[in-house]
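The data block below is input08.cif; it holds mmCIF, C-alpha atoms and all ligand atoms.
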data_structure
#
loop_
_atom_site.label_atom_id
_atom_site.label_comp_id
_atom_site.auth_asym_id
_atom_site.auth_seq_id
_atom_site.Cartn_x
_atom_site.Cartn_y
_atom_site.Cartn_z
CA MET A 1334 7.84 -6.29 17.23
CA LYS A 1335 5.36 -7.57 19.81
CA ALA A 1336 1.63 -6.86 19.46
CA LEU A 1337 -1.69 -8.11 20.82
CA ALA A 1338 -3.68 -9.75 18.03
CA TRP A 1339 -7.29 -10.96 17.75
CA MET A 1340 -7.22 -14.67 16.88
CA GLY A 1341 -10.94 -15.46 16.79
CA LYS A 1342 -13.97 -14.91 19.00
CA ASN A 1343 -12.89 -14.56 22.64
CA THR A 1344 -9.20 -15.23 21.88
CA VAL A 1345 -6.33 -12.74 21.84
CA LYS A 1346 -2.61 -13.50 21.74
CA VAL A 1347 0.69 -11.63 22.00
CA VAL A 1348 2.38 -12.24 18.63
CA GLU A 1349 5.54 -11.22 16.76
CA CYS A 1350 4.85 -9.17 13.63
CA PRO A 1351 6.66 -6.69 11.33
CA LYS A 1352 7.24 -3.12 12.53
CA PRO A 1353 5.03 -0.66 10.57
CA LYS A 1354 6.59 1.74 8.05
CA VAL A 1355 5.66 5.16 6.69
CA VAL A 1356 3.27 4.51 3.78
CA GLU A 1357 1.71 7.94 3.13
CA GLU A 1358 3.53 11.27 3.37
CA LYS A 1359 1.43 12.36 6.39
CA ASP A 1360 2.15 9.17 8.38
CA VAL A 1361 3.94 9.09 11.70
CA ILE A 1362 5.44 5.93 13.20
CA LEU A 1363 5.09 5.97 16.95
CA LYS A 1364 7.13 3.96 19.42
CA VAL A 1365 4.39 3.13 21.89
CA THR A 1366 5.30 3.79 25.52
CA GLY A 1367 1.84 3.34 27.10
CA SER A 1368 -1.46 1.82 26.06
CA THR A 1369 -4.61 0.57 27.73
CA VAL A 1370 -7.68 -1.65 27.30
CA CYS A 1371 -11.15 -0.12 26.81
CA GLY A 1372 -14.62 -1.56 27.43
CA SER A 1373 -15.01 -1.33 23.64
CA ASP A 1374 -12.16 -3.84 23.21
CA LEU A 1375 -14.41 -6.37 24.92
CA HIS A 1376 -17.08 -5.94 22.23
CA LEU A 1377 -14.34 -6.57 19.65
CA LEU A 1378 -13.07 -9.57 21.62
CA HIS A 1379 -16.58 -11.04 21.56
CA GLY A 1380 -16.97 -10.25 17.85
CA VAL A 1381 -20.30 -8.59 18.60
CA VAL A 1382 -20.08 -5.00 17.44
CA VAL A 1383 -17.84 -5.61 14.45
CA GLN A 1384 -15.91 -8.67 13.38
CA LEU A 1385 -12.12 -8.40 13.32
CA GLN A 1386 -9.96 -10.53 11.02
CA LYS A 1387 -7.55 -13.08 12.49
CA GLY A 1388 -4.25 -11.36 13.26
CA ASP A 1389 -5.69 -7.83 13.52
CA ILE A 1390 -3.83 -5.78 16.15
CA LEU A 1391 -6.05 -4.32 18.87
CA GLY A 1392 -5.78 -1.08 20.83
CA HIS A 1393 -7.13 2.43 20.32
CA GLU A 1394 -5.75 4.25 23.39
CA PHE A 1395 -2.01 4.82 23.35
CA CYS A 1396 0.80 7.33 23.73
CA GLY A 1397 4.43 7.21 22.70
CA VAL A 1398 7.47 8.85 21.19
CA VAL A 1399 7.67 9.82 17.51
CA ASP A 1400 10.05 7.37 15.80
CA ASP A 1401 9.70 8.32 12.12
CA VAL A 1402 7.72 10.85 10.05
CA GLY A 1403 6.59 11.07 6.42
CA SER A 1404 7.75 13.97 4.22
CA GLY A 1405 4.45 15.85 4.68
CA VAL A 1406 4.46 15.95 8.49
CA THR A 1407 5.15 19.38 10.00
CA ASN A 1408 3.69 19.53 13.54
CA VAL A 1409 5.67 16.72 15.19
CA LYS A 1410 9.24 15.46 14.86
CA LYS A 1411 11.29 12.45 15.92
CA GLY A 1412 11.59 12.29 19.70
CA ASP A 1413 8.35 14.19 20.52
CA ARG A 1414 6.25 12.67 23.30
CA VAL A 1415 2.64 12.50 22.13
CA VAL A 1416 -0.79 10.93 22.69
CA ALA A 1417 -2.95 9.67 19.78
CA SER A 1418 -6.69 10.14 19.39
CA PHE A 1419 -8.64 6.88 19.03
CA GLN A 1420 -10.26 8.03 15.82
CA ILE A 1421 -8.33 8.82 12.69
CA ALA A 1422 -9.30 12.21 11.28
CA CYS A 1423 -8.11 13.90 8.09
CA GLY A 1424 -8.36 17.40 9.59
CA ASN A 1425 -9.79 18.88 6.43
CA CYS A 1426 -13.26 17.54 5.59
CA TYR A 1427 -16.69 19.03 6.45
CA PHE A 1428 -16.76 17.45 9.95
CA CYS A 1429 -13.03 17.76 10.72
CA LYS A 1430 -13.13 21.50 10.05
CA GLN A 1431 -15.63 21.71 12.94
CA LYS A 1432 -13.43 19.35 15.03
CA LEU A 1433 -16.21 16.75 14.93
CA SER A 1434 -13.46 14.31 14.07
CA SER A 1435 -15.32 11.13 14.98
CA GLN A 1436 -17.40 11.66 11.85
CA CYS A 1437 -14.47 12.32 9.47
CA GLU A 1438 -15.71 11.75 5.94
CA LYS A 1439 -12.35 10.90 4.50
CA THR A 1440 -11.32 8.03 6.77
CA ASN A 1441 -14.73 6.47 7.29
CA SER A 1442 -16.02 3.40 5.52
CA ASN A 1443 -19.16 4.98 4.16
CA THR A 1444 -20.23 2.25 1.77
CA ILE A 1445 -23.63 1.55 0.20
CA GLU A 1446 -24.11 -1.37 2.63
CA ASN A 1447 -23.81 1.09 5.48
CA ALA A 1448 -26.61 3.22 4.10
CA MET A 1449 -29.07 1.48 6.42
CA TYR A 1450 -27.21 3.09 9.29
CA GLY A 1451 -27.24 6.42 7.50
CA GLY A 1452 -23.44 6.28 7.14
CA ARG A 1453 -20.51 5.18 9.30
CA THR A 1454 -18.15 6.99 11.62
CA ALA A 1455 -14.45 7.84 11.14
CA GLY A 1456 -11.68 5.27 10.84
CA MET A 1457 -10.43 3.96 14.18
CA PHE A 1458 -7.25 2.30 15.39
CA GLY A 1459 -7.51 -1.41 16.16
CA TYR A 1460 -11.15 -1.66 15.25
CA SER A 1461 -11.53 -3.93 12.20
CA HIS A 1462 -11.80 -3.48 8.46
CA PHE A 1463 -15.26 -2.02 8.96
CA THR A 1464 -13.59 1.10 10.36
CA GLY A 1465 -10.71 1.34 7.91
CA GLY A 1466 -8.54 -1.64 8.88
CA PHE A 1467 -6.01 0.45 10.83
CA ALA A 1468 -3.71 -1.57 13.12
CA GLY A 1469 -4.00 -0.71 16.81
CA GLY A 1470 -1.58 0.45 19.48
CA GLN A 1471 -1.45 -2.51 21.88
CA ALA A 1472 1.91 -3.01 20.22
CA GLU A 1473 5.49 -1.78 20.36
CA TYR A 1474 5.01 0.44 17.28
CA VAL A 1475 2.01 1.83 15.43
CA ARG A 1476 1.42 3.76 12.20
CA VAL A 1477 -0.56 6.98 12.74
CA PRO A 1478 -2.11 8.37 9.52
CA TYR A 1479 -2.48 12.18 9.35
CA GLY A 1480 0.02 12.42 12.21
CA ASP A 1481 -0.19 16.23 12.32
CA VAL A 1482 -3.90 15.97 13.16
CA ASN A 1483 -4.14 12.82 15.28
CA LEU A 1484 -1.28 13.38 17.73
CA LEU A 1485 -1.20 15.84 20.62
CA LYS A 1486 2.14 16.79 22.22
CA LEU A 1487 2.35 16.06 25.94
CA PRO A 1488 4.00 18.79 28.04
CA ASP A 1489 6.69 17.87 30.60
CA ASP A 1490 4.33 18.30 33.56
CA VAL A 1491 1.93 15.64 32.20
CA PRO A 1492 3.48 12.16 32.42
CA ASP A 1493 2.43 9.35 30.05
CA GLU A 1494 0.41 7.76 32.86
CA LYS A 1495 -1.93 10.75 32.89
CA GLY A 1496 -1.77 11.87 29.25
CA LEU A 1497 -2.58 8.45 27.78
CA TYR A 1498 -6.27 8.68 28.66
CA LEU A 1499 -6.76 11.74 26.44
CA SER A 1500 -6.93 9.17 23.60
CA ASP A 1501 -10.45 8.09 24.46
CA VAL A 1502 -11.81 7.71 27.99
CA LEU A 1503 -11.47 11.36 29.03
CA ALA A 1504 -12.94 12.72 25.79
CA THR A 1505 -15.68 10.08 25.84
CA SER A 1506 -16.79 10.82 29.40
CA TRP A 1507 -16.57 14.59 28.94
CA ASN A 1508 -18.59 14.31 25.73
CA ALA A 1509 -21.21 12.20 27.53
CA VAL A 1510 -21.59 14.85 30.22
CA VAL A 1511 -21.64 17.99 28.07
CA ASP A 1512 -23.51 16.50 25.10
CA THR A 1513 -26.29 15.13 27.33
CA GLY A 1514 -26.38 18.53 29.01
CA VAL A 1515 -25.32 18.36 32.66
CA ASN A 1516 -25.90 21.81 34.17
CA GLU A 1517 -25.29 23.53 37.50
CA GLY A 1518 -27.43 21.98 40.26
CA ASP A 1519 -28.48 18.87 38.28
CA VAL A 1520 -28.95 15.42 39.75
CA VAL A 1521 -27.21 12.97 37.43
CA ALA A 1522 -27.67 9.19 37.28
CA ILE A 1523 -24.92 7.15 35.62
CA TRP A 1524 -25.38 3.51 34.54
CA GLY A 1525 -22.07 1.57 34.65
CA ALA A 1526 -19.20 2.08 37.08
CA GLY A 1527 -16.43 1.16 34.65
CA PRO A 1528 -13.75 3.70 33.70
CA ILE A 1529 -16.14 5.64 31.44
CA GLY A 1530 -18.80 5.90 34.14
CA GLN A 1531 -16.16 6.87 36.71
CA MET A 1532 -14.82 9.78 34.70
CA CYS A 1533 -18.42 10.88 34.06
CA VAL A 1534 -18.77 11.18 37.85
CA ASP A 1535 -15.83 13.58 38.04
CA PHE A 1536 -16.94 15.56 34.99
CA ALA A 1537 -20.53 15.85 36.21
CA PHE A 1538 -19.22 17.47 39.40
CA VAL A 1539 -16.89 19.71 37.33
CA GLN A 1540 -20.03 20.88 35.48
CA GLY A 1541 -21.70 21.74 38.80
CA ALA A 1542 -23.94 18.70 39.37
CA LYS A 1543 -25.52 18.71 42.84
CA ARG A 1544 -25.71 14.92 43.18
CA VAL A 1545 -24.37 11.99 41.16
CA ILE A 1546 -25.83 8.49 41.55
CA VAL A 1547 -23.97 5.51 40.04
CA ILE A 1548 -25.88 2.32 39.17
CA ASP A 1549 -24.02 -0.99 38.87
CA SER A 1550 -23.54 -4.13 40.97
CA ASN A 1551 -20.83 -5.87 42.92
CA TRP A 1552 -17.36 -4.58 43.82
CA ARG A 1553 -17.36 -1.91 41.13
CA LEU A 1554 -19.61 0.13 43.42
CA ASP A 1555 -17.16 -0.39 46.29
CA TYR A 1556 -14.51 1.18 44.04
CA ILE A 1557 -16.82 4.18 43.51
CA LYS A 1558 -17.37 4.54 47.26
CA GLU A 1559 -13.61 4.49 47.87
CA LYS A 1560 -12.37 6.68 44.99
CA TYR A 1561 -15.37 8.94 44.32
CA PRO A 1562 -16.83 9.45 47.82
CA LYS A 1563 -19.03 12.38 46.74
CA ALA A 1564 -21.08 10.03 44.52
CA GLU A 1565 -24.00 7.91 45.75
CA THR A 1566 -24.48 4.30 44.61
CA LEU A 1567 -27.40 2.06 43.67
CA ASP A 1568 -26.82 -1.71 43.41
CA TYR A 1569 -29.41 -2.99 40.92
CA SER A 1570 -28.71 -6.61 41.88
CA LYS A 1571 -29.75 -6.04 45.50
CA LEU A 1572 -33.13 -4.41 44.96
CA PRO A 1573 -35.90 -6.00 47.01
CA ARG A 1574 -38.70 -7.79 45.12
CA GLY A 1575 -41.14 -5.33 43.61
CA GLU A 1576 -38.59 -2.53 43.43
CA SER A 1577 -36.87 -1.44 40.23
CA VAL A 1578 -34.04 0.90 39.35
CA THR A 1579 -36.68 3.38 38.22
CA SER A 1580 -38.73 3.21 41.43
CA LYS A 1581 -35.58 3.46 43.55
CA LEU A 1582 -34.28 6.48 41.62
CA LYS A 1583 -37.65 8.22 41.95
CA GLU A 1584 -37.56 7.56 45.70
CA MET A 1585 -33.99 8.88 45.95
CA VAL A 1586 -34.74 12.08 43.99
CA ASP A 1587 -37.84 13.86 45.33
CA GLY A 1588 -40.27 11.31 43.85
CA ARG A 1589 -39.52 12.91 40.49
CA GLY A 1590 -36.25 11.33 39.35
CA PRO A 1591 -32.88 12.67 38.21
CA ASP A 1592 -32.50 15.50 35.71
CA VAL A 1593 -29.99 13.64 33.57
CA ALA A 1594 -29.27 9.95 32.86
CA ILE A 1595 -26.12 8.67 31.15
CA GLU A 1596 -25.61 5.11 29.87
CA CYS A 1597 -21.99 3.86 30.19
CA VAL A 1598 -22.61 0.14 29.82
CA ALA A 1599 -23.41 -1.08 26.24
CA GLY A 1600 -26.27 -2.82 24.51
CA GLU A 1601 -24.33 -6.05 24.52
CA TYR A 1602 -24.66 -6.55 28.28
CA ALA A 1603 -27.80 -4.72 29.01
CA LYS A 1604 -30.07 -7.73 28.85
CA GLY A 1605 -27.59 -10.26 30.16
CA TRP A 1606 -26.43 -13.35 28.34
CA ALA A 1607 -29.72 -14.11 26.58
CA HIS A 1608 -29.45 -10.76 24.85
CA TYR A 1609 -25.82 -11.48 23.94
CA PHE A 1610 -26.86 -14.64 22.11
CA GLU A 1611 -29.64 -12.79 20.34
CA ILE A 1612 -27.03 -10.41 18.96
CA LEU A 1613 -24.71 -13.27 17.99
CA LEU A 1614 -27.53 -14.96 16.11
CA GLY A 1615 -28.31 -11.69 14.35
CA PHE A 1616 -31.88 -11.26 15.65
CA GLU A 1617 -33.48 -7.89 15.98
CA THR A 1618 -33.09 -7.27 19.69
CA ASP A 1619 -35.26 -5.89 22.43
CA THR A 1620 -34.40 -2.38 23.53
CA SER A 1621 -31.81 -2.44 26.25
CA GLU A 1622 -33.42 -2.44 29.67
CA ILE A 1623 -31.17 0.46 30.48
CA VAL A 1624 -32.48 2.73 27.74
CA ASN A 1625 -36.03 2.16 28.95
CA GLU A 1626 -34.84 2.50 32.55
CA MET A 1627 -33.28 5.87 31.76
CA ILE A 1628 -36.40 7.10 29.99
CA THR A 1629 -38.73 6.14 32.85
CA SER A 1630 -36.34 7.23 35.64
CA VAL A 1631 -35.60 10.82 34.68
CA ARG A 1632 -37.97 13.60 35.63
CA ASN A 1633 -40.37 14.94 32.97
CA PHE A 1634 -38.35 16.83 30.33
CA GLY A 1635 -35.21 15.02 31.60
CA ARG A 1636 -32.26 14.21 29.35
CA CYS A 1637 -30.78 10.77 28.58
CA GLY A 1638 -27.49 10.14 26.78
CA ILE A 1639 -26.20 6.89 25.29
CA THR A 1640 -22.42 6.54 25.36
CA GLY A 1641 -22.14 2.75 25.72
CA VAL A 1642 -21.91 1.08 22.33
CA TYR A 1643 -25.07 -0.11 20.55
CA VAL A 1644 -25.46 -1.72 17.12
CA GLY A 1645 -28.37 -2.69 14.89
CA PHE A 1646 -32.09 -2.24 15.40
CA THR A 1647 -34.42 -2.63 18.32
CA ASN A 1648 -38.01 -3.02 19.41
CA HIS A 1649 -40.05 -2.66 22.65
CA PHE A 1650 -38.76 0.85 22.98
CA ASN A 1651 -40.77 2.99 25.44
CA ILE A 1652 -41.64 5.66 22.89
CA GLY A 1653 -44.84 6.53 24.79
CA SER A 1654 -43.01 7.68 27.91
CA LEU A 1655 -40.43 9.47 25.77
CA MET A 1656 -43.06 11.42 23.86
CA GLU A 1657 -45.63 12.14 26.58
CA ARG A 1658 -43.08 13.24 29.18
CA GLY A 1659 -40.88 15.22 26.80
CA ILE A 1660 -37.75 13.18 27.36
CA ARG A 1661 -34.65 14.05 25.33
CA LEU A 1662 -32.80 10.91 24.21
CA ILE A 1663 -29.35 11.65 22.80
CA GLY A 1664 -26.92 9.34 21.03
CA ASN A 1665 -23.62 10.77 22.24
CA GLY A 1666 -21.80 9.09 19.34
CA GLN A 1667 -18.15 8.23 19.25
CA ALA A 1668 -16.65 11.17 21.13
CA PRO A 1669 -14.96 13.77 18.89
CA VAL A 1670 -11.60 13.72 20.68
CA HIS A 1671 -10.12 16.67 18.74
CA LEU A 1672 -12.87 18.98 19.95
CA TYR A 1673 -11.95 18.43 23.58
CA TRP A 1674 -8.44 17.16 24.12
CA GLU A 1675 -6.59 20.47 24.52
CA ASN A 1676 -9.10 21.63 27.14
CA LEU A 1677 -8.91 18.26 28.91
CA LEU A 1678 -5.11 18.45 28.96
CA LYS A 1679 -5.46 21.81 30.73
CA MET A 1680 -7.85 20.27 33.26
CA ILE A 1681 -5.20 17.63 34.07
CA GLN A 1682 -2.51 20.30 34.42
CA GLU A 1683 -4.73 22.39 36.71
CA GLY A 1684 -5.54 19.31 38.82
CA LYS A 1685 -9.29 19.60 38.12
CA ILE A 1686 -9.37 15.90 37.22
CA ASP A 1687 -7.13 13.00 38.12
CA PRO A 1688 -7.28 10.17 35.56
CA LEU A 1689 -5.06 8.02 37.78
CA LYS A 1690 -8.01 7.37 40.13
CA MET A 1691 -9.51 4.93 37.63
CA VAL A 1692 -6.22 3.07 37.03
CA SER A 1693 -6.15 -0.14 39.05
CA HIS A 1694 -3.25 -2.10 37.48
CA ARG A 1695 0.09 -1.48 35.82
CA VAL A 1696 1.14 -4.28 33.46
CA ARG A 1697 3.45 -5.05 30.51
CA ILE A 1698 2.52 -6.00 26.96
CA ASP A 1699 3.25 -9.71 27.65
CA ASP A 1700 0.54 -9.64 30.35
CA LEU A 1701 -2.21 -8.50 27.96
CA GLU A 1702 -3.78 -11.92 27.34
CA LYS A 1703 -4.40 -12.28 31.09
CA VAL A 1704 -5.61 -8.66 31.34
CA TYR A 1705 -8.34 -9.29 28.75
CA GLU A 1706 -9.43 -12.39 30.68
CA LYS A 1707 -9.69 -10.50 33.96
CA PHE A 1708 -11.16 -7.31 32.49
CA GLU A 1709 -13.81 -9.38 30.75
CA LYS A 1710 -14.77 -11.26 33.93
CA LYS A 1711 -14.46 -8.07 36.02
CA GLU A 1712 -12.05 -10.00 38.27
CA ASP A 1713 -9.15 -9.02 40.46
CA GLY A 1714 -10.46 -5.49 41.01
CA MET A 1715 -9.55 -4.65 37.43
CA GLN A 1716 -10.59 -1.21 36.20
CA LYS A 1717 -8.33 0.68 33.82
CA VAL A 1718 -4.88 -0.78 33.21
CA TYR A 1719 -1.73 1.06 32.25
CA VAL A 1720 0.25 -1.08 29.81
CA GLU A 1721 3.88 -0.04 29.93
CA THR A 1722 5.45 -0.89 26.58
P1 LIG B 1 -16.62 -1.63 31.41
O1 LIG B 1 -16.93 -2.93 30.75
O2 LIG B 1 -15.38 -1.54 32.26
O3 LIG B 1 -17.84 -1.13 32.32
C1 LIG B 1 -19.18 -1.43 32.10
C2 LIG B 1 -19.89 -1.49 33.45
O4 LIG B 1 -21.29 -1.66 33.23
C3 LIG B 1 -19.45 -2.67 34.33
O5 LIG B 1 -18.99 -2.21 35.59
C4 LIG B 1 -20.73 -3.53 34.47
O6 LIG B 1 -20.81 -4.19 35.73
C5 LIG B 1 -21.81 -2.45 34.30
N1 LIG B 1 -23.16 -2.99 33.97
C6 LIG B 1 -23.51 -4.12 33.28
N2 LIG B 1 -24.86 -4.24 33.22
C7 LIG B 1 -25.38 -3.17 33.90
C8 LIG B 1 -26.71 -2.73 34.18
N3 LIG B 1 -27.77 -3.43 33.75
N4 LIG B 1 -26.89 -1.59 34.91
C9 LIG B 1 -25.81 -0.87 35.35
N5 LIG B 1 -24.52 -1.24 35.10
C10 LIG B 1 -24.30 -2.37 34.38
O7 LIG B 1 -16.55 -0.57 30.22
P2 LIG B 1 -16.00 0.95 30.11
O8 LIG B 1 -14.58 0.92 29.64
O9 LIG B 1 -16.33 1.74 31.33
O10 LIG B 1 -16.88 1.42 28.87
C11 LIG B 1 -18.30 1.57 29.01
C12 LIG B 1 -18.98 1.61 27.66
O11 LIG B 1 -18.57 2.79 26.95
C13 LIG B 1 -18.63 0.44 26.74
O12 LIG B 1 -19.79 0.03 26.02
C14 LIG B 1 -17.67 1.05 25.74
O13 LIG B 1 -17.70 0.36 24.50
C15 LIG B 1 -18.24 2.44 25.61
N6 LIG B 1 -17.33 3.44 25.04
C16 LIG B 1 -17.90 4.37 24.22
C17 LIG B 1 -17.09 5.34 23.64
C18 LIG B 1 -17.68 6.42 22.78
O14 LIG B 1 -16.94 7.24 22.20
N7 LIG B 1 -18.99 6.50 22.67
C19 LIG B 1 -15.70 5.34 23.90
C20 LIG B 1 -15.19 4.41 24.79
C21 LIG B 1 -16.02 3.46 25.35
ZN ZN B 2 -12.49 3.00 23.72
ZN ZN B 3 -11.98 14.51 8.02
#
What does this structure look like when you write it as structure tokens?
Ligand code: NAD
Ligand code: ZN
Ligand code: ZN
Amino acid sequence: MKALAWMGKNTVKVVECPKPKVVEEKDVILKVTGSTVCGSDLHLLHGVVVQLQKGDILGHEFCGVVDDVGSGVTNVKKGDRVVASFQIACGNCYFCKQKLSSQCEKTNSNTIENAMYGGRTAGMFGYSHFTGGFAGGQAEYVRVPYGDVNLLKLPDDVPDEKGLYLSDVLATSWNAVVDTGVNEGDVVAIWGAGPIGQMCVDFAFVQGAKRVIVIDSNWRLDYIKEKYPKAETLDYSKLPRGESVTSKLKEMVDGRGPDVAIECVAGEYAKGWAHYFEILLGFETDTSEIVNEMITSVRNFGRCGITGVYVGFTNHFNIGSLMERGIRLIGNGQAPVHLYWENLLKMIQEGKIDPLKMVSHRVRIDDLEKVYEKFEKKEDGMQKVYVET
């Protein structure tokens, strides 16, 4: 079968490899019909967040048709059209019983070395041996462990093109909005106008936000203006000398600042290329500008959520502003997909959200090498892609 494999830092390749087989009795083999590329795949491409091994298959957002099932699978059968969650949950541990599946204790790699992080999160598709070594779904077939738990049937009125994004981006953005606490009448500032930031715009309005302000630069803000006209934009690259994102946000929101701030960028980019090299060299890094920007921008007692991916330790963190002004800083974590996906499916069916707005390109699996190149450089108007398999 064909699959997209990591071949070394900044190199991916479409390769031929063996089709997966049922290994455990709860496994499902899925014939992938649709997949996509996430901002998190870029961190993997760069080898920054975790290091993949040469030949590892990428991809943690995919849907498909059940091709084969193990003897212990009862909820799905051959021929069912389903979407997979990006994390692999057992369905039965302390966290899974509360549907906090991203912290599954059975599939995580909670080793002694990870003790400095206080433990690791659940296993994930296409994410390295650090998260269980599960092959990803940017492939023609994929093995889904605990298939009864990690697959959701798609009803006839929800086509693959819409259902696919229940894997990750919809749950992630919804989690960012509800976990950070967006309430009726709030003014919400969102850093990053990629697919995650875009869906946060829609969800913030679903939750009753009065205003949503998106911070980014370049054409990505033009996309926001076109597809999300209710949102306001702030281009951080065009601020006049002496002005900052914080001062501009205060000016835009009653001199006080927004009620809620949500980070949809990632530590990797937040300080530009110098910061990227610091991470590569393994230095302790300075706090992302964005985290400090969020803390200083929100009103007193405001709430800040981190959904973009961060790793390691940090310094120069504005703890003084956080403490004195009563700011709530929340790590939104990897989104627990199982907690939300049925409700999100309903929102799609009721037309409350339209995931297709963030989809800019439709491609085939053979095009994936080029897609990574363009997605990485933010070229060719590339937002979310739909990879027809
Ligand atoms: P993306 O790469 O498409 O978008 C990131 C955006 O951030 C880009 O538009 C970029 O121009 C912008 N940006 C860069 N520096 C900025 C700055 N200083 N201020 C404002 N904007 C800036 O990525 P995406 O797919 O939208 O994902 C966003 C983040 O969410 C990634 O870090 C991804 O790993 C993470 N993510 C988290 C989860 C989770 O469960 N927590 C799940 C999926 C993705
Ligand atoms: Zn993702
Ligand atoms: Zn579990």
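For the residues A:Phe1458, A:Tyr1569, A:Tyr1719, A:Phe1428, ranking by smallest atom-to-atom distance to ligand ZN 3 (chain B) using only C-alpha atoms and all ligand atoms places A:Phe1428 first.
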Expected answer as a list in words: residues within 10 Å of ligand ZN 3 (chain B), all atoms listed in the file: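 The distance check yields Ile1421, Ala1422, Cys1423, Gly1424, Asn1425, Cys1426, Tyr1427, Phe1428, Cys1429, Lys1430, Gln1431, Lys1432, Leu1433, Ser1434, Ser1435, Gln1436, Cys1437, Glu1438, Lys1439, Thr1440, Asn1441, Ala1455, Gly1456, Tyr1479 and Val1482 of chain A.
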Please, could you write that set of residues out with C-alpha atoms as a PDB file, in the frame of the given file?
ATOM      1  CA  ILE A1421      -8.330   8.820  12.690  1.00  0.00           C
ATOM      2  CA  ALA A1422      -9.300  12.210  11.280  1.00  0.00           C
ATOM      3  CA  CYS A1423      -8.110  13.900   8.090  1.00  0.00           C
ATOM      4  CA  GLY A1424      -8.360  17.400   9.590  1.00  0.00           C
ATOM      5  CA  ASN A1425      -9.790  18.880   6.430  1.00  0.00           C
ATOM      6  CA  CYS A1426     -13.260  17.540   5.590  1.00  0.00           C
ATOM      7  CA  TYR A1427     -16.690  19.030   6.450  1.00  0.00           C
ATOM      8  CA  PHE A1428     -16.760  17.450   9.950  1.00  0.00           C
ATOM      9  CA  CYS A1429     -13.030  17.760  10.720  1.00  0.00           C
ATOM     10  CA  LYS A1430     -13.130  21.500  10.050  1.00  0.00           C
ATOM     11  CA  GLN A1431     -15.630  21.710  12.940  1.00  0.00           C
ATOM     12  CA  LYS A1432     -13.430  19.350  15.030  1.00  0.00           C
ATOM     13  CA  LEU A1433     -16.210  16.750  14.930  1.00  0.00           C
ATOM     14  CA  SER A1434     -13.460  14.310  14.070  1.00  0.00           C
ATOM     15  CA  SER A1435     -15.320  11.130  14.980  1.00  0.00           C
ATOM     16  CA  GLN A1436     -17.400  11.660  11.850  1.00  0.00           C
ATOM     17  CA  CYS A1437     -14.470  12.320   9.470  1.00  0.00           C
ATOM     18  CA  GLU A1438     -15.710  11.750   5.940  1.00  0.00           C
ATOM     19  CA  LYS A1439     -12.350  10.900   4.500  1.00  0.00           C
ATOM     20  CA  THR A1440     -11.320   8.030   6.770  1.00  0.00           C
ATOM     21  CA  ASN A1441     -14.730   6.470   7.290  1.00  0.00           C
ATOM     22  CA  ALA A1455     -14.450   7.840  11.140  1.00  0.00           C
ATOM     23  CA  GLY A1456     -11.680   5.270  10.840  1.00  0.00           C
ATOM     24  CA  TYR A1479      -2.480  12.180   9.350  1.00  0.00           C
ATOM     25  CA  VAL A1482      -3.900  15.970  13.160  1.00  0.00           C
TER      26      VAL A1482
END
Shell around Asp1400 of chain A at 6 Å using all atoms listed in the file, local window under 4 positions removed, as number ranges by chain: A: 1362-1364, 1411
Shortest interatomic distance to ligand LIG 1 (chain B) - which of A:Thr1640, A:Thr1344, A:Ser1654, A:Thr1454, counting all atoms listed in the file: A:Thr1640
Given 8 Å and only C-alpha atoms and all ligand atoms, residues near ligand LIG 1 (chain B) as a PyMOL selection string: chain A and resi 1370-1376+1501-1502+1504-1506+1509+1524-1531+1548-1551+1553+1569+1596-1605+1622-1623+1639-1643+1665-1669+1708-1709+1711+1716-1717
Long-range neighbours of Leu1655 of chain A as a ChimeraX atom specification, 12 Å cut-off, only C-alpha atoms, 4 positions minimum in chain: /A:1624-1637,1650-1651,1659-1663
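Among the candidates A:Asn1516, A:Gln1420, A:Ser1404, A:Thr1566, the residue lying nearest to ligand ZN 2 (chain B) is A:Gln1420 (atoms considered: all atoms listed in the file).
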Of the listed residues A:Lys1583, A:Lys1346, A:Arg1476, A:Lys1352, that which approaches Glu1702 of chain A most closely, counting all atoms listed in the file: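 Among A:Lys1583, A:Lys1346, A:Arg1476, A:Lys1352, it is A:Lys1346 that comes nearest to Glu1702 of chain A.
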Residues within 12 Å of Val1399 of chain A, all atoms listed in the file, excluding chain neighbours under 3 positions, as a PyMOL selection string: chain A and resi 1355+1360-1366+1396+1402-1403+1406+1408-1417+1474-1477+1480-1481+1484-1487
Point-to-point distance in Å for atom CA of Pro1478 of chain A and atom CA of Val1356 of chain A: 8.8 Å
Please provide the set of residues having any atom within 8 Å of Gln1540 of chain A, restricted to all atoms listed in the file, with same-chain residues fewer than 2 positions apart removed, written as a compact mmCIF listing (two decimals) with C-alpha atoms, in the frame of the given file.
# COMPACT_ATOMS: atom_id res chain seq x y z
CA VAL A 1515 -25.32 18.36 32.66
CA ASN A 1516 -25.90 21.81 34.17
CA GLU A 1517 -25.29 23.53 37.50
CA PHE A 1536 -16.94 15.56 34.99
CA ALA A 1537 -20.53 15.85 36.21
CA PHE A 1538 -19.22 17.47 39.40
CA ALA A 1542 -23.94 18.70 39.37
Contacts of Leu1677 of chain A within 12 Å, all atoms listed in the file, excl. fewer than 5 positions in-chain, as a PyMOL selection string: chain A and resi 1485+1487+1491+1495-1508+1532+1536+1539+1670-1672+1682-1688
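Taking atom CA of Lys1560 of chain A and atom CA of His1694 of chain A as endpoints, the distance between them is 14.7 Å.
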Option closest in space to ligand ZN 2 (chain B), from A:Met1340, A:Met1457, A:Val1586, A:Leu1567 [counting only C-alpha atoms and all ligand atoms]: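 Ranking A:Met1340, A:Met1457, A:Val1586, A:Leu1567 by distance to ligand ZN 2 (chain B), first place goes to A:Met1457.
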